$ cat query.pdb   # PDB, C-alpha atoms and all ligand atoms
ATOM      1  CA  MET U   1      -0.585  -4.888  36.091  1.00  0.00           C
ATOM      2  CA  THR U   2       2.836  -4.677  34.435  1.00  0.00           C
ATOM      3  CA  ASN U   3       3.326  -2.833  31.172  1.00  0.00           C
ATOM      4  CA  GLU U   4       3.740  -6.179  29.386  1.00  0.00           C
ATOM      5  CA  GLU U   5       0.411  -7.386  30.789  1.00  0.00           C
ATOM      6  CA  LEU U   6      -1.289  -4.143  29.759  1.00  0.00           C
ATOM      7  CA  ILE U   7       0.120  -4.426  26.240  1.00  0.00           C
ATOM      8  CA  ARG U   8      -1.232  -7.993  26.007  1.00  0.00           C
ATOM      9  CA  LYS U   9      -4.600  -6.954  27.464  1.00  0.00           C
ATOM     10  CA  TYR U  10      -4.999  -4.196  24.901  1.00  0.00           C
ATOM     11  CA  ASP U  11      -3.522  -6.052  21.927  1.00  0.00           C
ATOM     12  CA  ASP U  12      -6.776  -5.750  19.950  1.00  0.00           C
ATOM     13  CA  LEU U  13      -6.919  -2.013  20.659  1.00  0.00           C
ATOM     14  CA  ILE U  14      -3.355  -1.626  19.394  1.00  0.00           C
ATOM     15  CA  SER U  15      -4.276  -3.517  16.215  1.00  0.00           C
ATOM     16  CA  ALA U  16      -7.313  -1.277  15.764  1.00  0.00           C
ATOM     17  CA  ALA U  17      -5.123   1.838  16.018  1.00  0.00           C
ATOM     18  CA  LYS U  18      -2.838   0.430  13.331  1.00  0.00           C
ATOM     19  CA  SER U  19      -5.831  -0.247  11.079  1.00  0.00           C
ATOM     20  CA  ALA U  20      -7.265   3.225  11.723  1.00  0.00           C
ATOM     21  CA  ARG U  21      -3.993   4.743  10.531  1.00  0.00           C
ATOM     22  CA  GLU U  22      -4.841   3.477   7.045  1.00  0.00           C
ATOM     23  CA  ASN U  23      -7.679   6.034   6.939  1.00  0.00           C
ATOM     24  CA  ALA U  24      -5.507   9.039   7.786  1.00  0.00           C
ATOM     25  CA  VAL U  25      -5.743  11.959   5.392  1.00  0.00           C
ATOM     26  CA  ALA U  26      -2.245  13.444   5.392  1.00  0.00           C
ATOM     27  CA  PRO U  27      -1.299  14.352   1.806  1.00  0.00           C
ATOM     28  CA  PHE U  28       1.049  17.167   2.833  1.00  0.00           C
ATOM     29  CA  SER U  29       2.951  15.897   5.856  1.00  0.00           C
ATOM     30  CA  ASN U  30       2.501  12.209   5.023  1.00  0.00           C
ATOM     31  CA  PHE U  31       2.602  11.720   8.809  1.00  0.00           C
ATOM     32  CA  ARG U  32      -0.241   9.283   9.261  1.00  0.00           C
ATOM     33  CA  VAL U  33      -1.615   8.537  12.725  1.00  0.00           C
ATOM     34  CA  GLY U  34      -4.290   6.135  13.897  1.00  0.00           C
ATOM     35  CA  ALA U  35      -6.035   5.995  17.242  1.00  0.00           C
ATOM     36  CA  ALA U  36      -8.411   3.524  18.849  1.00  0.00           C
ATOM     37  CA  LEU U  37     -10.323   4.617  21.936  1.00  0.00           C
ATOM     38  CA  LEU U  38     -11.998   2.028  24.154  1.00  0.00           C
ATOM     39  CA  GLY U  39     -15.145   3.227  25.890  1.00  0.00           C
ATOM     40  CA  LYS U  40     -16.338   1.805  29.205  1.00  0.00           C
ATOM     41  CA  SER U  41     -19.235   0.301  27.222  1.00  0.00           C
ATOM     42  CA  GLY U  42     -16.723  -1.922  25.454  1.00  0.00           C
ATOM     43  CA  LYS U  43     -17.121  -0.180  22.110  1.00  0.00           C
ATOM     44  CA  VAL U  44     -14.005   0.967  20.227  1.00  0.00           C
ATOM     45  CA  TYR U  45     -13.945   4.307  18.421  1.00  0.00           C
ATOM     46  CA  LEU U  46     -11.413   4.863  15.685  1.00  0.00           C
ATOM     47  CA  GLY U  47      -9.685   8.082  14.757  1.00  0.00           C
ATOM     48  CA  ALA U  48      -7.137   9.151  12.176  1.00  0.00           C
ATOM     49  CA  ASN U  49      -5.458  12.471  11.600  1.00  0.00           C
ATOM     50  CA  MET U  50      -7.176  14.738   9.082  1.00  0.00           C
ATOM     51  CA  GLU U  51      -5.138  17.222   7.103  1.00  0.00           C
ATOM     52  CA  PRO U  52      -7.131  19.391   4.711  1.00  0.00           C
ATOM     53  CA  ALA U  53      -5.420  21.880   2.387  1.00  0.00           C
ATOM     54  CA  VAL U  54      -5.851  24.593   5.023  1.00  0.00           C
ATOM     55  CA  MET U  55      -3.780  22.638   7.483  1.00  0.00           C
ATOM     56  CA  ASN U  56      -4.670  24.474  10.669  1.00  0.00           C
ATOM     57  CA  LEU U  57      -8.240  23.242  10.183  1.00  0.00           C
ATOM     58  CA  GLY U  58      -7.132  19.646  10.526  1.00  0.00           C
ATOM     59  CA  LEU U  59      -7.362  17.427  13.570  1.00  0.00           C
ATOM     60  CA  CYS U  60      -5.245  14.815  15.319  1.00  0.00           C
ATOM     61  CA  ALA U  61      -6.207  11.141  15.389  1.00  0.00           C
ATOM     62  CA  GLU U  62      -6.707  11.187  19.157  1.00  0.00           C
ATOM     63  CA  ARG U  63      -9.259  14.003  19.097  1.00  0.00           C
ATOM     64  CA  THR U  64     -10.988  12.574  16.032  1.00  0.00           C
ATOM     65  CA  ALA U  65     -11.601   9.368  17.983  1.00  0.00           C
ATOM     66  CA  LEU U  66     -12.650  11.168  21.170  1.00  0.00           C
ATOM     67  CA  PHE U  67     -15.090  13.553  19.498  1.00  0.00           C
ATOM     68  CA  SER U  68     -16.616  10.710  17.503  1.00  0.00           C
ATOM     69  CA  ALA U  69     -17.068   8.654  20.673  1.00  0.00           C
ATOM     70  CA  LEU U  70     -18.674  11.541  22.552  1.00  0.00           C
ATOM     71  CA  ALA U  71     -20.948  12.281  19.591  1.00  0.00           C
ATOM     72  CA  GLN U  72     -22.110   8.667  19.697  1.00  0.00           C
ATOM     73  CA  GLY U  73     -22.977   8.932  23.380  1.00  0.00           C
ATOM     74  CA  GLU U  74     -19.958   7.322  25.035  1.00  0.00           C
ATOM     75  CA  LYS U  75     -19.282   9.102  28.326  1.00  0.00           C
ATOM     76  CA  GLU U  76     -16.386   7.282  29.968  1.00  0.00           C
ATOM     77  CA  PHE U  77     -13.237   5.783  28.599  1.00  0.00           C
ATOM     78  CA  GLU U  78     -10.800   3.067  29.538  1.00  0.00           C
ATOM     79  CA  ALA U  79      -7.832   3.224  27.170  1.00  0.00           C
ATOM     80  CA  ILE U  80      -6.557   4.715  23.929  1.00  0.00           C
ATOM     81  CA  ALA U  81      -3.920   3.276  21.591  1.00  0.00           C
ATOM     82  CA  VAL U  82      -2.095   5.618  19.214  1.00  0.00           C
ATOM     83  CA  TYR U  83       0.124   4.517  16.329  1.00  0.00           C
ATOM     84  CA  ALA U  84       2.045   6.688  13.867  1.00  0.00           C
ATOM     85  CA  GLY U  85       3.972   4.034  11.993  1.00  0.00           C
ATOM     86  CA  THR U  86       7.247   4.904  13.689  1.00  0.00           C
ATOM     87  CA  GLU U  87       9.802   2.654  15.357  1.00  0.00           C
ATOM     88  CA  GLN U  88       9.584   4.561  18.622  1.00  0.00           C
ATOM     89  CA  PRO U  89       6.222   5.726  19.980  1.00  0.00           C
ATOM     90  CA  GLY U  90       5.259   9.358  19.610  1.00  0.00           C
ATOM     91  CA  TYR U  91       3.576  11.423  22.283  1.00  0.00           C
ATOM     92  CA  PRO U  92       0.262  13.253  21.832  1.00  0.00           C
ATOM     93  CA  CYS U  93       0.438  16.981  21.158  1.00  0.00           C
ATOM     94  CA  GLY U  94      -0.322  19.504  23.873  1.00  0.00           C
ATOM     95  CA  GLY U  95      -3.723  20.232  22.366  1.00  0.00           C
ATOM     96  CA  CYS U  96      -4.814  16.614  22.629  1.00  0.00           C
ATOM     97  CA  ARG U  97      -3.501  16.371  26.162  1.00  0.00           C
ATOM     98  CA  GLN U  98      -5.586  19.371  27.224  1.00  0.00           C
ATOM     99  CA  VAL U  99      -8.735  18.151  25.464  1.00  0.00           C
ATOM    100  CA  PHE U 100      -8.415  14.705  27.035  1.00  0.00           C
ATOM    101  CA  SER U 101      -7.824  16.404  30.392  1.00  0.00           C
ATOM    102  CA  ASP U 102     -11.220  18.036  30.033  1.00  0.00           C
ATOM    103  CA  LEU U 103     -13.202  15.218  28.426  1.00  0.00           C
ATOM    104  CA  ALA U 104     -11.476  11.891  29.155  1.00  0.00           C
ATOM    105  CA  PRO U 105      -9.005  12.482  31.980  1.00  0.00           C
ATOM    106  CA  ASN U 106      -8.700   8.931  33.290  1.00  0.00           C
ATOM    107  CA  VAL U 107      -7.932   7.122  30.070  1.00  0.00           C
ATOM    108  CA  LEU U 108      -4.851   4.880  29.911  1.00  0.00           C
ATOM    109  CA  TRP U 109      -2.586   5.807  27.014  1.00  0.00           C
ATOM    110  CA  LEU U 110      -0.793   3.171  24.949  1.00  0.00           C
ATOM    111  CA  LEU U 111       1.706   4.945  22.708  1.00  0.00           C
ATOM    112  CA  VAL U 112       2.632   2.388  20.099  1.00  0.00           C
ATOM    113  CA  GLY U 113       5.825   2.130  18.071  1.00  0.00           C
ATOM    114  CA  ASP U 114       7.046  -0.801  16.037  1.00  0.00           C
ATOM    115  CA  LYS U 115       9.781  -1.522  18.580  1.00  0.00           C
ATOM    116  CA  GLU U 116       8.243  -0.279  21.818  1.00  0.00           C
ATOM    117  CA  VAL U 117       4.924   0.548  23.477  1.00  0.00           C
ATOM    118  CA  LYS U 118       4.863   3.194  26.175  1.00  0.00           C
ATOM    119  CA  ILE U 119       2.136   3.278  28.819  1.00  0.00           C
ATOM    120  CA  GLU U 120       1.234   6.735  30.057  1.00  0.00           C
ATOM    121  CA  THR U 121      -1.418   8.668  31.946  1.00  0.00           C
ATOM    122  CA  LEU U 122      -2.419  12.310  31.758  1.00  0.00           C
ATOM    123  CA  GLU U 123      -0.902  12.803  35.190  1.00  0.00           C
ATOM    124  CA  SER U 124       2.464  11.792  33.773  1.00  0.00           C
ATOM    125  CA  MET U 125       2.126  13.669  30.467  1.00  0.00           C
ATOM    126  CA  LEU U 126       0.438  16.874  31.616  1.00  0.00           C
ATOM    127  CA  PRO U 127       1.150  17.626  35.263  1.00  0.00           C
ATOM    128  CA  ASN U 128      -0.208  20.769  36.903  1.00  0.00           C
ATOM    129  CA  ARG U 129      -2.713  21.156  34.123  1.00  0.00           C
ATOM    130  CA  PHE U 130      -5.575  23.609  33.782  1.00  0.00           C
ATOM    131  CA  VAL U 131      -8.815  21.950  34.861  1.00  0.00           C
ATOM    132  CA  LEU U 132     -12.466  22.975  35.012  1.00  0.00           C
ATOM    133  CA  GLU U 133     -12.224  23.684  38.756  1.00  0.00           C
ATOM    134  CA  ASP U 134      -9.669  26.405  37.964  1.00  0.00           C
ATOM    135  CA  LEU U 135     -12.512  28.499  36.541  1.00  0.00           C
ATOM    136  CA  ARG U 136     -14.135  28.594  39.999  1.00  0.00           C
ATOM    137  CA  ARG U 137     -11.185  29.540  42.146  1.00  0.00           C
TER
HETATM  138 ZN    ZN F 201      -2.890  16.103  18.977  1.00  0.00          ZN
END
$ encode --input "query.pdb" --output "structure tokens" --more "lines below"
Ligand SMILES: [Zn+2]
Amino acid sequence: MTNEELIRKYDDLISAAKSARENAVAPFSNFRVGAALLGKSGKVYLGANMEPAVMNLGLCAERTALFSALAQGEKEFEAIAVYAGTEQPGYPCGGCRQVFSDLAPNVLWLLVGDKEVKIETLESMLPNRFVLEDLRR
């Protein structure tokens, strides 16, 4: 499937990420991010970044969505759309990449900007990553 076909296929997921951004709690940075994670069951789990006064206790939109999905029993994932309200798409932080490597490694990433959508995988964004099998070597 071409990137254009993937963007069309996941148009509803992209819209859900944009809606989820409205629920971001980012009073200090004002950098609001929404995420929508599609489980293999077909259910969509929303996430938004959370920024409490003690900022290092906050959490990114991507992990908010993933942890919520796992807590609700979803085990496998198809795609995630992430939107930060920027013209060009932003990439997930290293922390999110590592957590998704452990818990949702095969998800397709749609990084959404107002002027462009980038399609990525963990293989492209986090090569040579630490994985569970590394603990057993
Ligand atoms: Zn992150």
$ closest_residue --input "query.pdb" --among "U:Cys96, U:Ala79, U:Ala69, U:Val33" --to "ligand ZN 201 (chain F)" --atoms "only C-alpha atoms and all ligand atoms"
U:Cys96
$ resolve_selection --input "query.pdb" --expression "the PyMOL selection byres (((not hetatm)) within 6 of (chain F and resi 201))" --output "list in words"
Cys60, Pro92, Cys93, Gly95 and Cys96 of chain U
$ write_last_selection --input "query.pdb" --atoms "C-alpha atoms" --output "CSV table (one decimal), in the frame of the given file"
chain,number,residue,atom,x,y,z
U,60,CYS,CA,-5.2,14.8,15.3
U,92,PRO,CA,0.3,13.3,21.8
U,93,CYS,CA,0.4,17.0,21.2
U,95,GLY,CA,-3.7,20.2,22.4
U,96,CYS,CA,-4.8,16.6,22.6
$ atom_distance --input "query.pdb" --atom1 "atom CA of Thr2 of chain U" --atom2 "atom CA of Ala84 of chain U"
23.5 Å
$ residues_around --input "query.pdb" --residues "segment 9-15 of chain U" --least-positions-apart "4" --cutoff "7 Å" --atoms "only C-alpha atoms" --output "list of chain:residue names"
U:Glu5, U:Ser19, U:Ala36, U:Ala81
$ residues_around --input "query.pdb" --residues "Pro127 of chain U" --least-positions-apart "5" --cutoff "12 Å" --atoms "all atoms listed in the file" --output "list in words"
Gly94, Arg97, Gln98, Ser101, Pro105, Thr121 and Leu122 of chain U
$ atom_distance --input "query.pdb" --atom1 "atom CA of Ala24 of chain U" --atom2 "atom CA of Ala61 of chain U"
7.9 Å
$ closest_residue --input "query.pdb" --among "U:Glu4, U:Leu126, U:Met50, U:Gln88" --to "Asn30 of chain U" --atoms "all atoms listed in the file"
U:Met50
$ closest_residue --input "query.pdb" --among "U:Leu37, U:Leu59, U:Val99, U:Leu6" --to "Glu74 of chain U" --atoms "only C-alpha atoms"
U:Leu37
$ closest_residue --input "query.pdb" --among "U:Leu108, U:Val25, U:Leu38, U:Leu70" --to "Gly58 of chain U" --atoms "all atoms listed in the file"
U:Val25
$ atom_distance --input "query.pdb" --atom1 "atom CA of Phe130 of chain U" --atom2 "atom CA of Leu103 of chain U"
12.5 Å
$ residues_around --input "query.pdb" --residues "Met55 of chain U" --least-positions-apart "6" --cutoff "12 Å" --atoms "all atoms listed in the file" --output "PyMOL selection string"
chain U and resi 25-29+49
$ closest_residue --input "query.pdb" --among "U:Glu78, U:Glu62, U:Glu87, U:Glu120" --to "Asn106 of chain U" --atoms "all atoms listed in the file"
U:Glu78
$ closest_residue --input "query.pdb" --among "U:Met125, U:Leu111, U:Leu135, U:Ala53" --to "Asn3 of chain U" --atoms "all atoms listed in the file"
U:Leu111
$ axis_aligned_box --input "query.pdb" --around "segment 98-114 of chain U" --padding-each-side "3 Å" --output "AutoDock Vina command-line options"
--center_x -3.1 --center_y 9.3 --center_z 24.7 --size_x 26.2 --size_y 26.2 --size_z 23.3
